[in-house]
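*Asks:* Below is the file data_15.cif, which contains mmCIF, C-alpha atoms.
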```cif
data_protein
loop_
_atom_site.label_atom_id
_atom_site.label_comp_id
_atom_site.auth_asym_id
_atom_site.auth_seq_id
_atom_site.Cartn_x
_atom_site.Cartn_y
_atom_site.Cartn_z
CA MET P 127 -15.91 234.23 -19.42
CA SER P 128 -19.18 235.06 -21.15
CA ASP P 129 -22.51 234.26 -19.49
CA ILE P 130 -23.52 232.74 -22.85
CA ALA P 131 -20.84 230.07 -22.49
CA VAL P 132 -22.07 228.74 -19.13
CA GLY P 133 -25.35 227.86 -17.50
CA PRO P 134 -27.17 229.89 -14.81
CA LYS P 135 -25.70 227.90 -11.92
CA GLN P 136 -22.15 228.34 -13.19
CA THR P 137 -22.84 232.03 -13.74
CA THR P 138 -23.94 232.27 -10.10
CA ALA P 139 -20.60 230.82 -8.98
CA ILE P 140 -18.64 233.23 -11.17
CA ASN P 141 -20.70 236.23 -10.00
CA LEU P 142 -20.25 235.33 -6.34
CA GLU P 143 -16.51 234.86 -6.69
CA LYS P 144 -16.17 238.31 -8.24
CA ALA P 145 -18.36 239.86 -5.53
CA VAL P 146 -16.90 238.18 -2.44
CA HIS P 147 -13.35 236.90 -2.96
CA ARG P 148 -10.82 239.46 -1.70
CA HIS P 149 -8.09 237.29 -0.13
CA SER P 150 -5.84 234.41 -1.05
CA ALA P 151 -7.44 230.98 -0.89
CA LEU P 152 -4.70 229.95 1.56
CA SER P 153 -5.47 232.70 4.10
CA SER P 154 -8.06 232.33 6.87
CA ASN P 155 -10.14 235.17 5.37
CA GLY P 156 -9.88 233.57 1.95
CA ILE P 157 -11.06 230.21 3.27
CA PHE P 158 -14.16 231.79 4.84
CA GLU P 159 -14.87 233.74 1.64
CA ARG P 160 -14.81 230.53 -0.39
CA LEU P 161 -16.96 228.69 2.12
CA PHE P 162 -19.46 231.54 1.87
CA THR P 163 -19.64 231.52 -1.93
CA ARG P 164 -20.04 227.74 -1.88
CA ALA P 165 -22.99 228.08 0.52
CA PHE P 166 -24.60 230.79 -1.65
CA ARG P 167 -24.67 228.84 -4.92
CA ASP P 168 -28.29 227.73 -4.62
CA LEU P 169 -31.43 229.21 -3.07
CA VAL P 170 -30.57 231.47 -0.14
CA TYR P 171 -33.67 233.56 0.63
CA PRO P 172 -37.10 231.93 0.25
CA GLN P 173 -38.31 235.29 1.55
CA ILE P 174 -36.54 238.64 1.34
CA TRP P 175 -35.71 240.33 4.68
CA GLU P 176 -36.26 244.03 3.95
CA ASP P 177 -39.58 245.67 4.76
CA PRO P 178 -41.27 246.68 1.46
CA VAL P 179 -43.60 249.13 3.22
CA VAL P 180 -40.57 251.09 4.41
CA ASP P 181 -39.03 250.80 0.94
CA MET P 182 -42.11 252.21 -0.79
CA THR P 183 -42.39 255.06 1.70
CA ALA P 184 -38.79 256.06 0.98
CA LEU P 185 -38.96 255.58 -2.80
CA GLU P 186 -42.16 257.60 -3.34
CA ILE P 187 -42.86 255.48 -6.43
CA GLY P 188 -44.67 257.25 -9.24
CA PRO P 189 -46.47 255.95 -12.35
CA ARG P 190 -43.58 256.86 -14.67
CA ASP P 191 -40.80 255.48 -12.50
CA HIS P 192 -38.25 252.87 -13.53
CA ILE P 193 -37.03 250.89 -10.49
CA VAL P 194 -33.71 249.05 -10.55
CA ALA P 195 -33.67 246.56 -7.69
CA ILE P 196 -31.79 243.53 -6.43
CA ALA P 197 -34.33 240.72 -6.69
CA SER P 198 -33.42 238.41 -3.79
CA GLY P 199 -36.52 236.30 -2.99
CA GLY P 200 -38.73 238.48 -5.20
CA CYS P 201 -41.18 239.51 -2.44
CA ASN P 202 -40.32 243.20 -2.55
CA VAL P 203 -40.27 243.78 -6.29
CA LEU P 204 -43.72 242.18 -6.54
CA SER P 205 -44.88 244.33 -3.63
CA TYR P 206 -43.66 247.46 -5.45
CA LEU P 207 -46.26 246.67 -8.11
CA THR P 208 -48.90 247.86 -5.65
CA ALA P 209 -47.49 251.39 -6.13
CA SER P 210 -47.93 251.15 -9.96
CA PRO P 211 -44.43 251.92 -11.30
CA ALA P 212 -43.87 251.96 -15.06
CA ARG P 213 -41.07 249.38 -15.01
CA ILE P 214 -38.98 247.26 -12.64
CA THR P 215 -35.65 245.69 -13.54
CA ALA P 216 -34.97 242.96 -10.94
CA ILE P 217 -31.36 241.76 -10.88
CA ASP P 218 -29.62 239.08 -8.83
CA LEU P 219 -26.30 237.25 -8.91
CA ASN P 220 -28.05 234.02 -7.94
CA HIS P 221 -29.85 231.92 -10.55
CA ALA P 222 -32.15 230.36 -7.92
CA HIS P 223 -33.49 233.78 -6.89
CA ILE P 224 -34.19 234.62 -10.53
CA ALA P 225 -35.97 231.28 -10.98
CA LEU P 226 -38.08 232.05 -7.89
CA LEU P 227 -39.03 235.45 -9.28
CA HIS P 228 -40.02 233.88 -12.61
CA LEU P 229 -42.16 231.39 -10.66
CA LYS P 230 -43.95 234.19 -8.79
CA LEU P 231 -44.57 236.20 -11.95
CA ALA P 232 -45.98 233.23 -13.85
CA ALA P 233 -48.14 232.31 -10.85
CA ALA P 234 -49.52 235.84 -10.55
CA ALA P 235 -50.37 235.94 -14.23
CA HIS P 236 -51.77 232.44 -14.73
CA LEU P 237 -53.13 230.90 -11.52
CA PRO P 238 -56.96 230.93 -11.47
CA GLY P 239 -57.27 233.48 -8.65
CA HIS P 240 -56.05 234.85 -5.34
CA ALA P 241 -57.01 231.72 -3.39
CA GLU P 242 -54.62 229.60 -5.44
CA PHE P 243 -51.93 232.31 -5.34
CA SER P 244 -52.27 232.43 -1.55
CA ASP P 245 -52.11 228.63 -1.30
CA PHE P 246 -48.87 228.70 -3.24
CA PHE P 247 -46.96 231.53 -1.56
CA LYS P 248 -48.69 232.22 1.76
CA HIS P 249 -49.31 228.65 2.90
CA ALA P 250 -46.59 227.17 0.64
CA ARG P 251 -47.05 223.67 2.05
CA ARG P 252 -50.04 222.12 0.29
CA ALA P 253 -49.91 219.06 -1.97
CA SER P 254 -52.36 220.75 -4.34
CA ASN P 255 -49.67 223.30 -5.18
CA ILE P 256 -47.83 220.76 -7.30
CA ALA P 257 -50.85 220.21 -9.55
CA LEU P 258 -51.26 224.00 -9.80
CA PHE P 259 -47.65 224.27 -10.90
CA ASP P 260 -47.89 221.54 -13.52
CA GLU P 261 -51.15 222.83 -15.00
CA HIS P 262 -51.01 226.60 -14.72
CA ILE P 263 -47.42 227.75 -14.10
CA ALA P 264 -44.96 225.39 -15.79
CA PRO P 265 -46.26 226.02 -19.34
CA HIS P 266 -45.46 229.73 -18.93
CA LEU P 267 -41.96 229.56 -17.44
CA ASP P 268 -38.88 230.27 -19.50
CA ALA P 269 -36.60 227.29 -20.14
CA SER P 270 -34.09 228.16 -17.41
CA ALA P 271 -36.69 228.59 -14.65
CA LEU P 272 -38.52 225.44 -15.75
CA ARG P 273 -35.28 223.42 -15.57
CA TYR P 274 -34.63 224.76 -12.10
CA TRP P 275 -38.05 223.93 -10.61
CA CYS P 276 -38.29 220.55 -12.34
CA GLY P 277 -34.70 219.74 -11.41
CA ARG P 278 -33.88 217.46 -8.50
CA ASP P 279 -32.64 218.33 -5.03
CA VAL P 280 -30.01 216.30 -3.18
CA ARG P 281 -32.70 213.77 -2.15
CA GLY P 282 -33.92 213.28 -5.71
CA ARG P 283 -37.16 215.28 -5.36
CA ARG P 284 -38.31 217.92 -7.83
CA ARG P 285 -37.48 221.31 -6.34
CA ILE P 286 -41.07 222.50 -6.85
CA GLU P 287 -42.21 219.87 -4.35
CA ALA P 288 -40.90 222.15 -1.58
CA PHE P 289 -44.18 224.05 -1.99
CA ALA P 290 -46.01 220.93 -0.81
CA ARG P 291 -43.80 220.46 2.29
CA GLY P 292 -43.12 224.03 3.49
CA PHE P 293 -41.16 226.25 1.14
CA TYR P 294 -40.10 228.76 3.80
CA ARG P 295 -38.20 226.02 5.60
CA THR P 296 -35.92 225.61 2.58
CA GLY P 297 -33.03 227.63 1.24
CA LEU P 298 -29.97 228.60 3.23
CA LEU P 299 -31.92 231.02 5.41
CA GLY P 300 -34.80 228.61 5.99
CA ARG P 301 -32.39 225.92 7.16
CA PHE P 302 -30.57 228.42 9.38
CA ILE P 303 -33.85 229.37 11.07
CA GLY P 304 -34.63 225.67 11.51
CA ALA P 305 -31.23 225.15 13.14
CA SER P 306 -31.92 228.10 15.44
CA HIS P 307 -35.18 226.50 16.57
CA LEU P 308 -33.32 223.25 17.27
CA PHE P 309 -30.67 225.13 19.25
CA ALA P 310 -33.40 226.84 21.28
CA ARG P 311 -35.08 223.50 22.01
CA LEU P 312 -31.79 222.22 23.40
CA HIS P 313 -32.22 225.04 25.92
CA ARG P 314 -35.87 224.00 26.45
CA VAL P 315 -37.11 227.15 24.73
CA ASP P 316 -39.96 227.20 22.19
CA LEU P 317 -39.36 230.14 19.81
CA GLY P 318 -42.92 229.76 18.57
CA ALA P 319 -44.10 231.31 21.86
CA VAL P 320 -43.31 234.74 20.41
CA ALA P 321 -45.65 234.18 17.46
CA ARG P 322 -48.41 233.02 19.84
CA ALA P 323 -48.12 236.07 22.10
CA GLY P 324 -51.28 238.14 22.30
CA SER P 325 -49.74 241.55 23.06
CA LEU P 326 -46.50 243.52 23.02
CA GLU P 327 -46.31 243.03 26.78
CA GLU P 328 -46.46 239.26 26.39
CA GLN P 329 -43.89 239.38 23.57
CA ARG P 330 -41.55 241.28 25.90
CA ARG P 331 -42.10 238.79 28.70
CA VAL P 332 -41.31 235.83 26.40
CA PHE P 333 -38.12 237.50 25.20
CA ASP P 334 -36.89 238.49 28.65
CA GLU P 335 -37.70 235.17 30.32
CA LYS P 336 -36.98 232.69 27.52
CA LEU P 337 -34.87 234.09 24.69
CA ALA P 338 -32.51 236.53 26.39
CA PRO P 339 -30.93 233.93 28.74
CA ILE P 340 -29.78 231.88 25.72
CA PHE P 341 -27.31 234.67 24.88
CA ASP P 342 -25.61 234.22 28.24
CA GLY P 343 -24.67 230.63 27.46
CA ALA P 344 -21.05 229.71 26.74
CA LEU P 345 -21.99 227.52 23.75
CA LEU P 346 -23.60 230.32 21.74
CA LYS P 347 -20.68 232.62 22.50
CA GLN P 348 -18.32 230.04 21.04
CA ILE P 349 -20.49 229.37 17.98
CA VAL P 350 -20.84 233.01 16.86
CA ARG P 351 -17.10 233.60 17.03
CA VAL P 352 -16.86 231.62 13.78
CA PRO P 353 -17.95 233.72 10.73
CA ALA P 354 -19.29 230.62 8.95
CA ALA P 355 -21.90 230.18 11.69
CA LEU P 356 -23.78 233.19 10.32
CA PHE P 357 -23.60 232.35 6.61
CA GLY P 358 -27.21 231.18 6.88
CA LEU P 359 -28.23 234.78 7.59
CA GLY P 360 -26.55 235.82 4.35
CA ILE P 361 -23.66 237.48 6.18
CA PRO P 362 -20.37 237.25 4.24
CA PRO P 363 -17.02 237.61 6.04
CA ARG P 364 -16.72 241.35 5.24
CA GLN P 365 -20.19 242.00 6.69
CA TYR P 366 -19.40 239.84 9.73
CA GLU P 367 -16.43 242.09 10.49
CA ALA P 368 -18.65 245.18 10.35
CA LEU P 369 -21.18 243.58 12.70
CA ALA P 370 -18.52 242.40 15.13
CA SER P 371 -17.28 245.97 15.56
CA ASP P 372 -20.77 247.46 15.95
CA GLY P 373 -21.30 246.61 19.61
CA PRO P 374 -19.25 246.79 22.82
CA ASP P 375 -19.16 243.00 23.20
CA GLY P 376 -18.90 242.05 19.55
CA ILE P 377 -21.25 240.03 17.39
CA LEU P 378 -23.25 238.46 20.23
CA THR P 379 -24.46 241.84 21.55
CA VAL P 380 -25.52 242.88 18.06
CA LEU P 381 -27.44 239.65 17.43
CA ARG P 382 -29.22 239.93 20.77
CA ALA P 383 -30.27 243.53 20.09
CA ARG P 384 -31.59 242.68 16.61
CA LEU P 385 -33.56 239.69 17.90
CA GLU P 386 -34.96 241.81 20.71
CA LYS P 387 -36.24 244.40 18.25
CA LEU P 388 -37.83 241.69 16.09
CA ALA P 389 -39.48 240.04 19.10
CA CYS P 390 -40.55 243.12 21.05
CA ASP P 391 -40.85 246.33 18.99
CA PHE P 392 -43.79 245.47 16.70
CA PRO P 393 -47.05 243.57 17.35
CA VAL P 394 -46.39 240.07 16.05
CA LYS P 395 -49.85 239.95 14.45
CA ASP P 396 -48.71 242.74 12.10
CA ASN P 397 -45.19 241.50 11.47
CA TYR P 398 -44.71 238.65 9.02
CA PHE P 399 -40.94 238.82 9.53
CA ALA P 400 -41.46 237.78 13.16
CA TRP P 401 -43.69 234.93 11.97
CA GLN P 402 -40.97 233.73 9.61
CA ALA P 403 -38.37 233.80 12.39
CA PHE P 404 -40.42 232.39 15.23
CA ALA P 405 -42.98 230.17 13.43
CA ARG P 406 -41.08 229.32 10.21
CA GLY P 407 -43.85 230.53 7.90
CA TYR P 408 -46.62 233.09 7.54
CA ASP P 409 -49.60 233.37 9.89
CA ALA P 410 -52.10 231.00 8.24
CA SER P 411 -55.18 232.79 9.59
CA GLU P 412 -57.40 234.67 7.17
CA HIS P 413 -56.03 238.09 8.09
CA GLY P 414 -52.50 237.04 8.98
CA SER P 415 -49.67 239.44 8.12
CA VAL P 416 -48.10 238.84 4.69
CA PRO P 417 -46.08 240.90 2.19
CA PRO P 418 -48.23 243.39 0.23
CA TYR P 419 -48.10 241.31 -2.97
CA LEU P 420 -49.93 238.47 -1.18
CA GLU P 421 -52.74 240.61 0.21
CA ALA P 422 -56.10 239.89 -1.43
CA GLN P 423 -56.76 243.59 -2.03
CA HIS P 424 -53.66 243.84 -4.23
CA PHE P 425 -53.97 240.62 -6.23
CA GLU P 426 -55.60 242.06 -9.36
CA GLN P 427 -53.07 244.91 -9.45
CA VAL P 428 -50.18 242.46 -9.16
CA ARG P 429 -51.69 240.21 -11.84
CA LYS P 430 -52.29 243.12 -14.21
CA THR P 431 -48.82 244.65 -13.86
CA ALA P 432 -46.58 241.58 -13.37
CA GLY P 433 -45.36 241.98 -16.94
CA CYS P 434 -43.57 245.21 -16.09
CA ILE P 435 -40.94 243.27 -14.08
CA GLU P 436 -37.88 242.11 -16.02
CA PRO P 437 -35.79 239.51 -14.13
CA LEU P 438 -32.08 239.45 -14.99
CA GLN P 439 -29.17 237.41 -13.65
CA GLY P 440 -26.06 239.50 -13.11
CA SER P 441 -24.77 242.48 -11.14
CA VAL P 442 -26.45 245.85 -10.76
CA THR P 443 -23.26 247.69 -11.74
CA GLU P 444 -22.92 245.74 -14.99
CA PHE P 445 -26.59 246.32 -15.83
CA LEU P 446 -26.30 250.06 -15.21
CA ALA P 447 -23.12 250.24 -17.33
CA ARG P 448 -25.21 248.99 -20.28
CA SER P 449 -28.06 251.41 -19.56
CA PRO P 450 -28.67 254.87 -21.07
CA ALA P 451 -27.98 258.02 -19.10
CA GLU P 452 -30.85 259.30 -16.93
CA SER P 453 -32.89 256.12 -17.35
CA ALA P 454 -33.86 255.20 -13.76
CA ASP P 455 -35.74 256.81 -10.89
CA CYS P 456 -35.38 254.37 -7.98
CA TYR P 457 -32.55 252.07 -6.90
CA VAL P 458 -32.92 249.31 -4.30
CA LEU P 459 -29.52 247.93 -3.31
CA LEU P 460 -30.51 245.86 -0.24
CA ASP P 461 -27.32 245.22 1.78
CA ALA P 462 -25.15 244.31 -1.22
CA GLN P 463 -22.72 247.17 -0.64
CA ASP P 464 -21.55 245.56 2.59
CA TRP P 465 -19.90 242.99 0.34
CA MET P 466 -18.08 245.52 -1.83
CA SER P 467 -14.56 246.92 -1.97
CA ASP P 468 -14.00 250.67 -2.25
CA ALA P 469 -13.36 250.29 -5.98
CA ASP P 470 -16.61 248.33 -6.44
CA LEU P 471 -18.57 250.97 -4.51
CA THR P 472 -17.10 253.76 -6.62
CA SER P 473 -17.94 251.95 -9.86
CA LEU P 474 -21.51 251.36 -8.70
CA TRP P 475 -22.11 254.95 -7.64
CA TYR P 476 -20.55 256.32 -10.80
CA GLU P 477 -23.13 254.33 -12.76
CA ILE P 478 -25.93 255.45 -10.43
CA GLU P 479 -24.88 259.06 -10.97
CA ARG P 480 -24.82 258.58 -14.75
CA THR P 481 -28.10 256.66 -15.06
CA SER P 482 -30.20 258.46 -12.44
CA ARG P 483 -32.72 261.12 -13.31
CA PRO P 484 -32.79 264.31 -11.21
CA GLY P 485 -34.55 263.56 -7.94
CA ALA P 486 -33.97 259.79 -8.17
CA ARG P 487 -34.11 257.91 -4.86
CA ILE P 488 -31.53 255.32 -3.77
CA ILE P 489 -32.11 253.08 -0.75
CA PHE P 490 -30.00 250.43 0.93
CA ARG P 491 -29.32 248.85 4.30
CA THR P 492 -26.13 248.14 6.20
CA ALA P 493 -25.40 245.44 8.75
CA ALA P 494 -23.65 247.94 11.00
CA ASP P 495 -24.93 251.35 12.07
CA GLU P 496 -22.70 253.33 9.75
CA ARG P 497 -22.91 255.63 6.75
CA LEU P 498 -20.70 253.24 4.67
CA LEU P 499 -20.02 255.55 1.70
CA PRO P 500 -18.14 258.62 3.08
CA GLY P 501 -14.41 258.02 2.96
CA ARG P 502 -14.82 255.09 0.59
CA VAL P 503 -16.47 256.79 -2.41
CA PRO P 504 -14.93 260.05 -3.69
CA ASP P 505 -16.51 263.18 -2.23
CA THR P 506 -16.80 264.67 -5.71
CA LEU P 507 -19.09 261.75 -6.65
CA LEU P 508 -21.19 261.86 -3.48
CA GLN P 509 -21.76 265.60 -4.00
CA SER P 510 -24.25 264.64 -6.73
CA PHE P 511 -26.51 263.20 -4.00
CA VAL P 512 -28.22 264.36 -0.84
CA TYR P 513 -28.16 262.01 2.15
CA GLU P 514 -31.45 262.24 4.04
CA GLU P 515 -30.12 261.32 7.46
CA GLU P 516 -33.13 262.15 9.62
CA ARG P 517 -35.52 260.41 7.24
CA SER P 518 -33.19 257.40 7.08
CA ARG P 519 -33.16 256.98 10.86
CA GLU P 520 -36.93 257.40 11.05
CA LEU P 521 -37.51 254.70 8.44
CA HIS P 522 -34.98 252.37 10.03
CA ALA P 523 -36.98 252.51 13.26
CA ARG P 524 -40.08 251.45 11.30
CA ASP P 525 -38.43 248.50 9.52
CA ARG P 526 -40.19 245.41 10.87
CA SER P 527 -37.50 242.99 9.67
CA SER P 528 -35.25 244.40 12.42
CA ILE P 529 -32.06 242.64 11.32
CA TYR P 530 -30.05 245.60 9.95
CA GLY P 531 -28.06 248.26 11.71
CA ALA P 532 -29.22 251.13 9.51
CA PHE P 533 -31.44 252.15 6.59
CA HIS P 534 -30.14 254.74 4.13
CA LEU P 535 -31.90 257.07 1.70
CA TYR P 536 -30.01 259.16 -0.85
CA ARG P 537 -31.58 261.49 -3.39
CA ARG P 538 -30.05 262.63 -6.68
CA ARG P 539 -29.65 266.37 -6.73
CA ALA P 540 -31.72 268.26 -9.25
CA ALA P 541 -29.77 269.52 -12.25
#
```
Let's see the structure in the file written out as structure tokens.
*Replies:*
Amino acid sequence: MSDIAVGPKQTTAINLEKAVHRHSALSSNGIFERLFTRAFRDLVYPQIWEDPVVDMTALEIGPRDHIVAIASGGCNVLSYLTASPARITAIDLNHAHIALLHLKLAAAAHLPGHAEFSDFFKHARRASNIALFDEHIAPHLDASALRYWCGRDVRGRRRIEAFARGFYRTGLLGRFIGASHLFARLHRVDLGAVARAGSLEEQRRVFDEKLAPIFDGALLKQIVRVPAALFGLGIPPRQYEALASDGPDGILTVLRARLEKLACDFPVKDNYFAWQAFARGYDASEHGSVPPYLEAQHFEQVRKTAGCIEPLQGSVTEFLARSPAESADCYVLLDAQDWMSDADLTSLWYEIERTSRPGARIIFRTAADERLLPGRVPDTLLQSFVYEEERSRELHARDRSSIYGAFHLYRRRAA
């Protein structure tokens, strides 16, 4: 079916089915796959959960570079603008993520200044944001993005009104985090205590005394045995299986270790991912941690170069198949390969090999601590790339988002 024949939302459904469905609809795996794609048909990530500072360190972005990246919530591709690439193609299966990226680009280009931009995407809960949208942003959106943001949610409110109530509490991930806070309160635990901690020592004390005991409870152990319980984290059934086999006691041990890293390994004042998890938004103080694209020092650069980002709905593999040989320098695949079959992985890496310039950098993350590609992609294909294992492990340790098992950096061999 052609994308021309259906709207963006229907295209999202078709894309997700192709990416996720591997089993019969009557099997238990097939049922979970279809529940997952149903959950993923609207906004999933109000904020992306990969550290753009780590990304940019690995990618070594230059002024002539073309970046091909999965868009997700759009935070990282806008942050890459601070490194002054020549061009970014931002691709996503989900129409809501593409609409969010269009919103951010129009806001960067047309809001009066950084104060208004910060109101919109840092605070993201001010009534004045709706007037800013109507006056400065809406006239510059394409028809599809405008329909999305002026469309109605299940309660009959315009979707854009989420930026007056607290945008980062919306989307599948935002609701999952909200449910996690409710679950913690049932155990008389305030997750916000981590965000209020004044030192790493205090963060450790809060985790050990308050958060860690929750993982010993029978209820949580029962909940996480069901793959659908983690759909809000963006974990499809295939990725759940990888996580469940990545620790001696299954998924619960892995989740505890990831939360511990998020809560304890980085000063919370410098980690906006921790603020999102434990306070459900960014630090509202003047110098609170935010993604690079929201920092005042970068605003004019982001405004000036926003036009170099091209948002596209679809799959990375299909985009690369339409692209000329040796046309890209950087590839950002997020954790999308955890969803893929061996055949899908091989098709993707064939196109990366064909479209990459010598020395091109490819980065991605995996839910489990594993290499992922060896044994699944032909060795003859992988021989075109160098895996930078030591550098990958070093950068993984620096990733403030803390939710992945591994970070991976490949480099295209020189001709």
*Asks:* I'd like the residues picked by the PyMOL selection byres ((chain P and resi 172-185) around 8) written out as a ChimeraX atom specification, using the chain letters and numbers from the file.
*Replies:* /P:169-171,186-187,198-202,205-206,209,293-294,296-297,299-300,399,417-418,456,460,487-489,521,524-527,529,535
*Asks:* Pick out the residues sitting within 10 Å of His307 of chain P, and hand them over as number ranges by chain; count only C-alpha atoms, and ignore anything fewer than 5 positions along from it in its own chain.
*Replies:* P: 301-302, 312-313, 315-318, 403-406
*Asks:* Exactly which residues make up the result of the PyMOL selection byres ((chain P and resi 320) around 10) on this file, given as a ChimeraX atom specification?
*Replies:* /P:316-319,321-326,328-333,336-337,388-390,394,400-401,403-405
*Asks:* Leaving out Ile217 of chain P and any residue of its chain fewer than 6 positions from it, which residues lie within 6 Å of it when counting all atoms listed in the file, given as number ranges by chain?
*Replies:* P: 196-197, 437-439
*Asks:* Evaluated on this file, the PyMOL selection byres ((chain P and resi 248) around 12) picks out some residues - which ones are they, written as number ranges by chain?
*Replies:* P: 172-173, 201, 230, 240-247, 249-252, 255, 289-290, 292-294, 398, 401-402, 406-422
*Asks:* Those residues with C-alpha atoms, as an mmCIF file, in the frame of the given file please?
*Replies:*
```cif
data_model
loop_
_atom_site.group_PDB
_atom_site.id
_atom_site.type_symbol
_atom_site.label_atom_id
_atom_site.label_comp_id
_atom_site.auth_asym_id
_atom_site.auth_seq_id
_atom_site.Cartn_x
_atom_site.Cartn_y
_atom_site.Cartn_z
ATOM 1 C CA PRO P 172 -37.100 231.930 0.250
ATOM 2 C CA GLN P 173 -38.310 235.290 1.550
ATOM 3 C CA CYS P 201 -41.180 239.510 -2.440
ATOM 4 C CA LYS P 230 -43.950 234.190 -8.790
ATOM 5 C CA HIS P 240 -56.050 234.850 -5.340
ATOM 6 C CA ALA P 241 -57.010 231.720 -3.390
ATOM 7 C CA GLU P 242 -54.620 229.600 -5.440
ATOM 8 C CA PHE P 243 -51.930 232.310 -5.340
ATOM 9 C CA SER P 244 -52.270 232.430 -1.550
ATOM 10 C CA ASP P 245 -52.110 228.630 -1.300
ATOM 11 C CA PHE P 246 -48.870 228.700 -3.240
ATOM 12 C CA PHE P 247 -46.960 231.530 -1.560
ATOM 13 C CA HIS P 249 -49.310 228.650 2.900
ATOM 14 C CA ALA P 250 -46.590 227.170 0.640
ATOM 15 C CA ARG P 251 -47.050 223.670 2.050
ATOM 16 C CA ARG P 252 -50.040 222.120 0.290
ATOM 17 C CA ASN P 255 -49.670 223.300 -5.180
ATOM 18 C CA PHE P 289 -44.180 224.050 -1.990
ATOM 19 C CA ALA P 290 -46.010 220.930 -0.810
ATOM 20 C CA GLY P 292 -43.120 224.030 3.490
ATOM 21 C CA PHE P 293 -41.160 226.250 1.140
ATOM 22 C CA TYR P 294 -40.100 228.760 3.800
ATOM 23 C CA TYR P 398 -44.710 238.650 9.020
ATOM 24 C CA TRP P 401 -43.690 234.930 11.970
ATOM 25 C CA GLN P 402 -40.970 233.730 9.610
ATOM 26 C CA ARG P 406 -41.080 229.320 10.210
ATOM 27 C CA GLY P 407 -43.850 230.530 7.900
ATOM 28 C CA TYR P 408 -46.620 233.090 7.540
ATOM 29 C CA ASP P 409 -49.600 233.370 9.890
ATOM 30 C CA ALA P 410 -52.100 231.000 8.240
ATOM 31 C CA SER P 411 -55.180 232.790 9.590
ATOM 32 C CA GLU P 412 -57.400 234.670 7.170
ATOM 33 C CA HIS P 413 -56.030 238.090 8.090
ATOM 34 C CA GLY P 414 -52.500 237.040 8.980
ATOM 35 C CA SER P 415 -49.670 239.440 8.120
ATOM 36 C CA VAL P 416 -48.100 238.840 4.690
ATOM 37 C CA PRO P 417 -46.080 240.900 2.190
ATOM 38 C CA PRO P 418 -48.230 243.390 0.230
ATOM 39 C CA TYR P 419 -48.100 241.310 -2.970
ATOM 40 C CA LEU P 420 -49.930 238.470 -1.180
ATOM 41 C CA GLU P 421 -52.740 240.610 0.210
ATOM 42 C CA ALA P 422 -56.100 239.890 -1.430
#
```
*Asks:* Set the distance at 9 Å and use all atoms listed in the file: which residues neighbour segment 469-471 of chain P once local chain neighbours fewer than 2 positions away are removed? I'd like the list as a PDB file with C-alpha atoms, in the coordinates of the input.
*Replies:*
```pdb
ATOM      1  CA  ALA P 145     -18.360 239.860  -5.530  1.00  0.00           C
ATOM      2  CA  THR P 443     -23.260 247.690 -11.740  1.00  0.00           C
ATOM      3  CA  GLN P 463     -22.720 247.170  -0.640  1.00  0.00           C
ATOM      4  CA  MET P 466     -18.080 245.520  -1.830  1.00  0.00           C
ATOM      5  CA  SER P 467     -14.560 246.920  -1.970  1.00  0.00           C
ATOM      6  CA  SER P 473     -17.940 251.950  -9.860  1.00  0.00           C
ATOM      7  CA  LEU P 474     -21.510 251.360  -8.700  1.00  0.00           C
ATOM      8  CA  TRP P 475     -22.110 254.950  -7.640  1.00  0.00           C
ATOM      9  CA  TYR P 476     -20.550 256.320 -10.800  1.00  0.00           C
ATOM     10  CA  LEU P 499     -20.020 255.550   1.700  1.00  0.00           C
ATOM     11  CA  ARG P 502     -14.820 255.090   0.590  1.00  0.00           C
ATOM     12  CA  VAL P 503     -16.470 256.790  -2.410  1.00  0.00           C
TER      13      VAL P 503
END
```
*Asks:* So that I can see what lies close to Phe511 of chain P, please list as a PyMOL selection string the residues with an atom at most 7 Å from it, counting all atoms listed in the file and leaving out residues fewer than 4 positions away in the same chain.
*Replies:* chain P and resi 536-539
*Asks:* Would you give the centre and edge lengths, in Å to one decimal, of a box along x, y and z around the listed atoms of segment 446-454 of chain P, with 5 Å added to each side, as lines of an AutoDock Vina configuration file?
*Replies:*
```
center_x = -28.5
center_y = 254.1
center_z = -17.4
size_x = 20.7
size_y = 20.3
size_z = 17.3
```
*Asks:* How many Å separate atom CA of Val350 of chain P from atom CA of Leu498 of chain P?
*Replies:*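 A separation of 23.6 Å between them.
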*Asks:* Using all atoms listed in the file, can you tell me which of P:Gly239, P:Ser210, P:Ala447, P:Asp218 comes closest to Leu459 of chain P?
*Replies:* P:Asp218
*Asks:* For a test of reading the model, state the distance in Å between atom CA of Phe445 of chain P and atom CA of Arg213 of chain P, rounded to one decimal.
*Replies:*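 Between these atoms lies a distance of 14.8 Å.
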*Asks:* Would you compute the distance between atom CA of Leu237 of chain P and atom CA of Ile303 of chain P? Give it in Å to one decimal.
*Replies:*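 Atom-to-atom, atom CA of Leu237 of chain P and atom CA of Ile303 of chain P are spaced 29.7 Å apart.
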*Asks:* Using only C-alpha atoms, find the one residue out of P:Arg284, P:Gly531, P:Arg291, P:Gln427 that sits nearest to Leu385 of chain P.
*Replies:*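 Answer, going by the shortest atom-to-atom distance: P:Gly531.
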*Asks:* Please identify every residue of segment 214-245 of chain P that has at least one atom no farther than 8 Å from an atom of segment 260-276 of chain P, counting all atoms listed in the file, and for each give the shortest atom pair and the distance in Å to one decimal, arranged by chain then increasing number, as CSV.
*Replies:*
```
residue,atom,partner,partner_atom,distance
P:Ala222,CA,P:Tyr274,CA,7.4
P:Ile224,CA,P:Ala271,CA,7.7
P:Ala225,CA,P:Ala271,CA,4.6
P:Leu226,CA,P:Ala271,CA,7.7
P:His228,CA,P:Ala271,CA,6.6
P:Leu229,CA,P:Leu267,CA,7.0
P:Ala232,CA,P:Ile263,CA,5.7
P:Ala233,CA,P:Ile263,CA,5.6
P:His236,CA,P:His262,CA,5.9
P:Leu237,CA,P:His262,CA,5.8
```
